[in-house]
Every structure is written in C-alpha cells, then in structure tokens.
Amino acid sequence: VTQNEIRRTVLEALQSVAPEIQADAADPGVPIREQFDIDSVDLLNFLAALESRLGVKVPEQDYGRIATIDACVAYLAEQLGAAAVPHGAP
Amino acid sequence: MAEFRMPSLGADMVQGRLIQWIKQPGDPVRRGDIIAEVDTDKGVIEVEVFTDGVLDRVLVQPGEKVPVGTVMATIREGGGAAPPVTHEPETKASPLARSIATALGVDLEQVRGTGPGGAITRRDVEVAARGATPAPIPVPRVPMPDRTRAMRQAIAAAMARSKRDIPHFYVSHDVDVGPVVEWLAERNQGRSARDRVLQGALFLKAVARALVDFPELNAWWQDGAAVPKPDIHLGVAIALRGGGLVAPALHHVGRLPVDDVSARLRELVTRARSGSLRSSEVADPTMTVTSLGDRGVDGVFGVIYPPQVAIVGFGSIRPRPWVLDHALVVRPVVTASVSADHRVTDGHRAALFLAAVAEHLRQPGAL
C-alpha cells in the first residue's frame, strides 16, 4: 500500500460520512473535524470505514495523531509500514 | 378492516406527500413494518404500520399530498386470503437512493436491496458503485434547497409556537465528569471503532435514569395538562449536513444497556443524515436531549419542542478549575442544563433533576 493509496482511502472514508466533500478541494493541512464539520458519530463512522478498508484500528489515545488528512495518512502509513510515496507523486 | 392513515409526525405537521408504497396490495404486513415513504417538512420518513394483516387497498397514489389523518390504505386484520393482485415487479428504492444511483450511474436493477422488503438503500447504491468503479468519485450531496427551506420554516413554526405558548425557565449545573472520561477510556480500550461507546450515550442514559424520579418532565402537554408518558423515548437533536435539524426518538433508553444505546445512537444519527427516519422515531419523543459538545460550546439552553415539556442540553467537556476536598484542582467538567415548562414544574424540581443527572454521571458503571 502506498501513501497515495492510503490518501485515496482516507478521502473515500471521509466521503462515506460527508458525501459533499470534494476530494480536490480538501485541504490536507486543516483539521478534519473543523474542515468538514465532523462530529463524534461521524468520527466513529470514519474510523470504522478506515478499519474495514485498511485493517488499522485507531485507538482513542491516537485521535490527536489523525487530526488532518496529512497527519492521518502519515499515521496510517506508519501503522501499515507503507512505501513512502510523497503526496502528488504519480 | 383497519385503516392506515397519514400519521402526524409532530405537532407542527398538517399534511404529507406519499412518495411510494413499500408494501403492495396483497402483501402481508406486521406491526412495525415500513409500509410507505412520506415526504414531510422533516424530510422523507419511512412510515410504519401498527396492525398485523394483509394490505388490502391503497387509496392514495404516489405524489398525492394529503392532510394528516387521511385514510391512505385499508388493511385486512389478521391475514386471510389475499385478493388476486398482479403488479409488475418493481425496483424498490428510496428517493435518496434513486438520486444517488442517478448521480453515480448505477443501474438499480442490478443492485441487491437490503432495506425493508428488499428496498434499495443509499448504502446499497454506494456499495454497488464502489464495486463497479473502484476509483474515488466525489458523491454530490443531493441538493435540496427547497427541503432545507421547508425544514427551516417547520422549525420556525414549532419554535415560535413553543416560545409563545410555553413559559420556559432554565437551570444549569456544572458536573465533574472525570468518572465518565475514565470509564469511557477503559471501556473503549482495544475496541473496534464500531463497538466504541459514545460519550453521548452516557448522557442519554443518565437523563433517562433521572427521569424515572421526575416523571413530570417526561410528559406531553395535552388538553391543558401535563400527561406523563409511560416510556422514556429520548429525542436526540441531530444537525443535518447542509442545514436543518431533526430530533428523532431513541426508544426505551432507560431499559437498554449502554452499549446498545451507543450503537442505536450511532445508527439513528447516520440514518437521520441519510434521510431514512421512521415515523415512530419522529412521532414518539417524550423529552429531547441536545448536545453541542462537539461544537466547543460551554452550554446550551434549548427551546422545548411541543408537546414535550422539557429539553436537556449538554456543552463540551472541558478541563476547568474545580474545588475538590477543599483543594483547587483541574477536572473535566460539562455544563448540563434543562429548559422546562413552568406550567408543569418549577426551578426547585428542575434543579433536583439536574442533580440526579449529575449523580448518575458520577457512577457511569451503573448506567
């Protein structure tokens, strides 16, 4: 799994709880909860979607490490030992 | 022969428009089955039937708008031989599912429905779309500017009526919820996200437990008097994406274990936001709980939704200075409030009620 694939999965998981999200308009550096008006139920649904798609369980104490899309991708990559393909690379 | 009527889904509803029949003449129906979808100011509601039998005749056609109480169908109670009815096999799908299918280019004939009666839900469409096209496709939220405006008008009417007719008063209470935070951390440790307990579930349980001792707050104002309700069905205020608000009932909160309340809360919020609430959920709340903790506010003082007589609010859990055993410490604290109808109760009882909520939150393991 590459970082680009993880990023795509993160965006898909976000869209599953907030279908109005436009992937190309999402700011990867802005906190997800504020940027997309995600509440605690949305967050659990988002995490459940990540779990089912990537098999990574994000414990509550790590919520702070997935605050933004960039941070979330980096965290998941670390958990998955993903190949480091920088954002924007083909 | 029983009559199935356009239900009243709240004090402010005067009419509804039939979207589609989920059951067809000749189909057996059981209490709790979803029989039709009705468009209201609160969105598209899946309407349940409360009679066992066989759907006999439908008297209202899809697209018709009829007043609350209009007989829409007849049901032969207890079953019996169905009349010979022939109708073309039809793909059953909610309007939202159809809209999303159109947007995603999904052929509904190829989708297996998992909803009531095999109806295709939005999720079925999205799953089918993912199977057909693995690449991420931004799913446009179905634009419903008229829906948002209609909902806004319905909220305005209900809230204006509430503030005009109900003499509100407000009481608040700051609660040290350290035990809740610690209990949740332990309970959710190692659990899958889908099995974690939501903090809101504990708030709902604490309110339901407290209501047992304050039945006058779990009541409807009817014919000039407060009528206590035998069951505790807490309305949960849910902000909809794109605007608007609904407060459907989470049934029998007091009787359910915390894990079940949390799972049902999550499911209820998800369904509310996908436009698939059921008529009983819209009609049944006996008291409402609103929580704006996710939005960072200190507290919230709600407007009572008639014919209910009270609404409880919770703000954010924040670290705050707190006096504990004569020492100044920092504790996680939430401001709980109740807005209540002064025709029904008074500040003294409301204060005792909030103290009871606080006491229950101090013992989350017993909820």
# chains A, B, ... in the order shown; residues from 1 in each chain; ligands from 1
$ residues_around --residues "Ile35 (chain B)" --least-positions-apart "6" --cutoff "7 Å" --atoms "only C-alpha atoms" --output "PDB file with all heavy atoms, in the first residue's frame"
ATOM      1  N   TRP B  21     -45.363   3.475  -2.073  1.00  0.00           N
ATOM      2  CA  TRP B  21     -45.762   2.374  -1.206  1.00  0.00           C
ATOM      3  C   TRP B  21     -44.626   1.361  -1.191  1.00  0.00           C
ATOM      4  O   TRP B  21     -44.150   0.942  -2.251  1.00  0.00           O
ATOM      5  CB  TRP B  21     -47.040   1.708  -1.724  1.00  0.00           C
ATOM      6  CG  TRP B  21     -48.261   2.560  -1.561  1.00  0.00           C
ATOM      7  CD1 TRP B  21     -48.934   3.254  -2.525  1.00  0.00           C
ATOM      8  CD2 TRP B  21     -48.952   2.818  -0.331  1.00  0.00           C
ATOM      9  NE1 TRP B  21     -49.992   3.940  -1.991  1.00  0.00           N
ATOM     10  CE2 TRP B  21     -50.031   3.680  -0.634  1.00  0.00           C
ATOM     11  CE3 TRP B  21     -48.757   2.409   0.984  1.00  0.00           C
ATOM     12  CZ2 TRP B  21     -50.915   4.142   0.343  1.00  0.00           C
ATOM     13  CZ3 TRP B  21     -49.637   2.867   1.951  1.00  0.00           C
ATOM     14  CH2 TRP B  21     -50.703   3.724   1.634  1.00  0.00           C
ATOM     15  N   ILE B  22     -44.189   0.983  -0.007  1.00  0.00           N
ATOM     16  CA  ILE B  22     -43.171  -0.063   0.108  1.00  0.00           C
ATOM     17  C   ILE B  22     -43.850  -1.429   0.036  1.00  0.00           C
ATOM     18  O   ILE B  22     -43.312  -2.386  -0.505  1.00  0.00           O
ATOM     19  CB  ILE B  22     -42.406   0.072   1.450  1.00  0.00           C
ATOM     20  CG1 ILE B  22     -41.714   1.439   1.524  1.00  0.00           C
ATOM     21  CG2 ILE B  22     -41.381  -1.054   1.618  1.00  0.00           C
ATOM     22  CD1 ILE B  22     -40.626   1.670   0.526  1.00  0.00           C
ATOM     23  N   LYS B  23     -45.058  -1.515   0.613  1.00  0.00           N
ATOM     24  CA  LYS B  23     -45.863  -2.732   0.516  1.00  0.00           C
ATOM     25  C   LYS B  23     -46.917  -2.543  -0.568  1.00  0.00           C
ATOM     26  O   LYS B  23     -47.385  -1.419  -0.798  1.00  0.00           O
ATOM     27  CB  LYS B  23     -46.544  -3.042   1.857  1.00  0.00           C
ATOM     28  CG  LYS B  23     -45.580  -3.262   3.024  1.00  0.00           C
ATOM     29  CD  LYS B  23     -44.893  -4.601   2.930  1.00  0.00           C
ATOM     30  CE  LYS B  23     -44.075  -4.882   4.185  1.00  0.00           C
ATOM     31  NZ  LYS B  23     -43.373  -6.160   4.098  1.00  0.00           N
ATOM     32  N   VAL B  47     -42.718   5.251   6.917  1.00  0.00           N
ATOM     33  CA  VAL B  47     -43.873   5.150   7.808  1.00  0.00           C
ATOM     34  C   VAL B  47     -44.155   3.692   8.143  1.00  0.00           C
ATOM     35  O   VAL B  47     -44.251   2.843   7.247  1.00  0.00           O
ATOM     36  CB  VAL B  47     -45.117   5.797   7.176  1.00  0.00           C
ATOM     37  CG1 VAL B  47     -46.288   5.727   8.143  1.00  0.00           C
ATOM     38  CG2 VAL B  47     -44.821   7.242   6.810  1.00  0.00           C
ATOM     39  N   GLU B  48     -44.289   3.428   9.441  1.00  0.00           N
ATOM     40  CA  GLU B  48     -44.547   2.068   9.909  1.00  0.00           C
ATOM     41  C   GLU B  48     -46.041   1.822  10.045  1.00  0.00           C
ATOM     42  O   GLU B  48     -46.834   2.751  10.188  1.00  0.00           O
ATOM     43  CB  GLU B  48     -43.883   1.849  11.271  1.00  0.00           C
ATOM     44  CG  GLU B  48     -42.371   1.981  11.240  1.00  0.00           C
ATOM     45  CD  GLU B  48     -41.825   2.665  12.463  1.00  0.00           C
ATOM     46  OE1 GLU B  48     -42.213   3.833  12.705  1.00  0.00           O
ATOM     47  OE2 GLU B  48     -41.027   2.054  13.190  1.00  0.00           O
ATOM     48  N   VAL B  49     -46.403   0.543  10.020  1.00  0.00           N
ATOM     49  CA  VAL B  49     -47.785   0.146  10.221  1.00  0.00           C
ATOM     50  C   VAL B  49     -47.881  -0.483  11.610  1.00  0.00           C
ATOM     51  O   VAL B  49     -46.904  -1.074  12.091  1.00  0.00           O
ATOM     52  CB  VAL B  49     -48.227  -0.836   9.119  1.00  0.00           C
ATOM     53  CG1 VAL B  49     -47.465  -2.142   9.186  1.00  0.00           C
ATOM     54  CG2 VAL B  49     -49.719  -1.094   9.158  1.00  0.00           C
TER      55      VAL B  49
END
$ residues_around --residues "Ala226 (chain B)" --least-positions-apart "6" --cutoff "9 Å" --atoms "only C-alpha atoms" --output "JSON, numbers by chain"
{"B": [216, 217, 219, 220, 308, 309, 343, 344]}
$ closest_atom_pairs --of "chain A" --to "chain B" --cutoff "7 Å" --atoms "only C-alpha atoms" --output "CSV"
residue,atom,partner,partner_atom,distance
A:Glu12,CA,B:Pro136,CA,6.3
A:Pro19,CA,B:Val139,CA,5.2
A:Glu20,CA,B:Arg141,CA,4.9
A:Ile21,CA,B:Pro138,CA,6.7
A:Gln22,CA,B:Pro138,CA,5.5
A:Ala23,CA,B:Pro138,CA,6.5
A:Asp39,CA,B:Asp294,CA,5.7
A:Ser40,CA,B:Asp294,CA,6.7
A:Val41,CA,B:Arg266,CA,5.8
A:Leu44,CA,B:Ala193,CA,5.6
A:Leu47,CA,B:Ala193,CA,5.9
A:Ala48,CA,B:Ala193,CA,5.1
A:Lys57,CA,B:Ser192,CA,6.4
A:Pro59,CA,B:Gly190,CA,6.8
$ write_last_selection --atoms "C-alpha atoms" --output "PDB file, in the first residue's frame"
ATOM      1  CA  GLU A  12     -13.177   7.789   0.419  1.00  0.00           C
ATOM      2  CA  PRO A  19     -20.687  12.858   0.835  1.00  0.00           C
ATOM      3  CA  GLU A  20     -20.462  16.549  -0.069  1.00  0.00           C
ATOM      4  CA  ILE A  21     -16.668  16.528   0.350  1.00  0.00           C
ATOM      5  CA  GLN A  22     -14.848  17.242  -2.893  1.00  0.00           C
ATOM      6  CA  ALA A  23     -11.550  15.401  -2.817  1.00  0.00           C
ATOM      7  CA  ASP A  39     -18.895  15.220  14.982  1.00  0.00           C
ATOM      8  CA  SER A  40     -18.250  12.275  17.289  1.00  0.00           C
ATOM      9  CA  VAL A  41     -20.637   9.958  15.419  1.00  0.00           C
ATOM     10  CA  LEU A  44     -16.544   6.781  14.643  1.00  0.00           C
ATOM     11  CA  LEU A  47     -12.674   5.268  11.765  1.00  0.00           C
ATOM     12  CA  ALA A  48     -14.862   2.210  11.180  1.00  0.00           C
ATOM     13  CA  LYS A  57      -7.587   0.251  14.365  1.00  0.00           C
ATOM     14  CA  PRO A  59      -7.196   3.834  19.404  1.00  0.00           C
TER      15      PRO A  59
END
$ atom_distance --atom1 "CA of Ala340 (chain B)" --atom2 "CA of Ala272 (chain B)"
25.8 Å
$ residues_around --residues "Gln79 (chain A)" --least-positions-apart "4" --cutoff "12 Å" --atoms "only C-alpha atoms" --output "ChimeraX atom specification"
/A:1,3,6,51,54-59,62,65,72-75,83
$ write_last_selection --atoms "N, CA, C and O atoms" --output "compact mmCIF listing (two decimals), in the first residue's frame"
# COMPACT_ATOMS: atom_id res chain seq x y z
N VAL A 1 0.85 -1.20 0.00
CA VAL A 1 0.00 0.00 0.00
C VAL A 1 0.88 1.24 0.00
O VAL A 1 1.74 1.39 0.87
N GLN A 3 1.46 5.53 0.00
CA GLN A 3 0.83 6.67 0.69
C GLN A 3 -0.29 7.27 -0.17
O GLN A 3 -1.29 7.76 0.37
N ILE A 6 -3.24 5.20 0.39
CA ILE A 6 -3.80 5.49 1.72
C ILE A 6 -4.58 6.81 1.68
O ILE A 6 -5.70 6.91 2.20
N GLU A 51 -10.98 1.21 9.28
CA GLU A 51 -10.69 -0.13 9.81
C GLU A 51 -11.05 -1.21 8.80
O GLU A 51 -10.29 -2.15 8.57
N LEU A 54 -8.63 -0.72 5.58
CA LEU A 54 -7.18 -0.86 5.73
C LEU A 54 -6.78 -1.84 6.83
O LEU A 54 -5.61 -2.21 6.92
N GLY A 55 -7.74 -2.19 7.68
CA GLY A 55 -7.42 -3.10 8.77
C GLY A 55 -6.65 -2.44 9.89
O GLY A 55 -6.03 -3.13 10.71
N VAL A 56 -6.68 -1.11 9.94
CA VAL A 56 -5.96 -0.40 11.01
C VAL A 56 -6.96 0.13 12.02
O VAL A 56 -7.89 0.84 11.67
N LYS A 57 -6.74 -0.22 13.28
CA LYS A 57 -7.59 0.25 14.37
C LYS A 57 -6.91 1.46 15.00
O LYS A 57 -5.76 1.35 15.43
N VAL A 58 -7.58 2.60 15.00
CA VAL A 58 -7.00 3.81 15.59
C VAL A 58 -7.54 3.95 17.01
O VAL A 58 -8.73 4.23 17.20
N PRO A 59 -6.70 3.72 18.02
CA PRO A 59 -7.20 3.83 19.40
C PRO A 59 -7.49 5.28 19.77
O PRO A 59 -6.96 6.21 19.15
N ASP A 62 -4.88 7.92 20.15
CA ASP A 62 -4.17 8.39 18.95
C ASP A 62 -5.02 9.34 18.10
O ASP A 62 -4.60 9.72 17.00
N ARG A 65 -3.37 12.20 16.58
CA ARG A 65 -2.39 11.99 15.51
C ARG A 65 -3.04 11.88 14.14
O ARG A 65 -2.35 11.70 13.13
N CYS A 72 -3.22 12.05 9.18
CA CYS A 72 -3.90 10.75 9.17
C CYS A 72 -3.19 9.79 8.22
O CYS A 72 -2.97 8.62 8.54
N VAL A 73 -2.82 10.29 7.04
CA VAL A 73 -2.13 9.46 6.05
C VAL A 73 -0.78 9.00 6.62
O VAL A 73 -0.42 7.82 6.51
N ALA A 74 -0.07 9.93 7.24
CA ALA A 74 1.24 9.57 7.81
C ALA A 74 1.09 8.53 8.91
O ALA A 74 1.87 7.56 8.99
N TYR A 75 0.07 8.71 9.75
CA TYR A 75 -0.17 7.76 10.84
C TYR A 75 -0.48 6.38 10.29
O TYR A 75 0.09 5.37 10.72
N ALA A 83 5.01 2.03 1.72
CA ALA A 83 6.07 2.61 0.91
C ALA A 83 5.88 4.12 0.89
O ALA A 83 4.77 4.61 0.75
$ residues_around --residues "Ala67 (chain A)" --least-positions-apart "6" --cutoff "8 Å" --atoms "only C-alpha atoms" --output "list in words"
Pro31, Ile32 and Arg33 of chain A
$ select_by_dssp --residues "region 12-85 of chain A" --states "helix (DSSP H, G or I)" --output "ChimeraX atom specification"
/A:12-17,23-25,32-36,40-54,60-66,69-80
$ residues_around --residues "Ile69 (chain A)" --least-positions-apart "5" --cutoff "9 Å" --atoms "only C-alpha atoms" --output "list in words"
Arg7, Val10, Leu11, Ala26, Asp27, Pro28, Gly29, Val30, Pro31, Ile32 and Ala74 of chain A
$ write_last_selection --atoms "C-alpha atoms" --output "PDB file, in the first residue's frame"
ATOM      1  CA  ARG A   7      -4.668   9.111   0.929  1.00  0.00           C
ATOM      2  CA  VAL A  10      -8.844   8.324   3.685  1.00  0.00           C
ATOM      3  CA  LEU A  11     -10.765  10.585   1.322  1.00  0.00           C
ATOM      4  CA  ALA A  26      -9.964  19.245   0.660  1.00  0.00           C
ATOM      5  CA  ASP A  27      -7.113  20.996   2.451  1.00  0.00           C
ATOM      6  CA  PRO A  28      -4.794  18.255   3.746  1.00  0.00           C
ATOM      7  CA  GLY A  29      -3.327  20.503   6.429  1.00  0.00           C
ATOM      8  CA  VAL A  30      -6.525  21.747   8.062  1.00  0.00           C
ATOM      9  CA  PRO A  31      -8.103  19.774  10.929  1.00  0.00           C
ATOM     10  CA  ILE A  32     -10.635  17.306   9.557  1.00  0.00           C
ATOM     11  CA  ALA A  74       1.241   9.571   7.813  1.00  0.00           C
TER      12      ALA A  74
END
$ residues_around --residues "region 321-328 of chain B" --least-positions-apart "6" --cutoff "10 Å" --atoms "only C-alpha atoms" --output "ChimeraX atom specification"
/B:174-176
$ residues_around --residues "His251 (chain B)" --least-positions-apart "6" --cutoff "10 Å" --atoms "only C-alpha atoms" --output "number ranges by chain"
B: 231-235, 261, 264, 280-281, 284-286
$ select_by_dssp --residues "region 25-64 of chain B" --states "strand (DSSP E)" --output "PyMOL selection string"
chain B and resi 28-29+34-40+43-48+53-58
$ atom_distance --atom1 "CA of Asp41 (chain B)" --atom2 "CA of Phe36 (chain A)"
25.3 Å
$ atom_distance --atom1 "CA of Val44 (chain B)" --atom2 "CA of Thr290 (chain B)"
22.1 Å
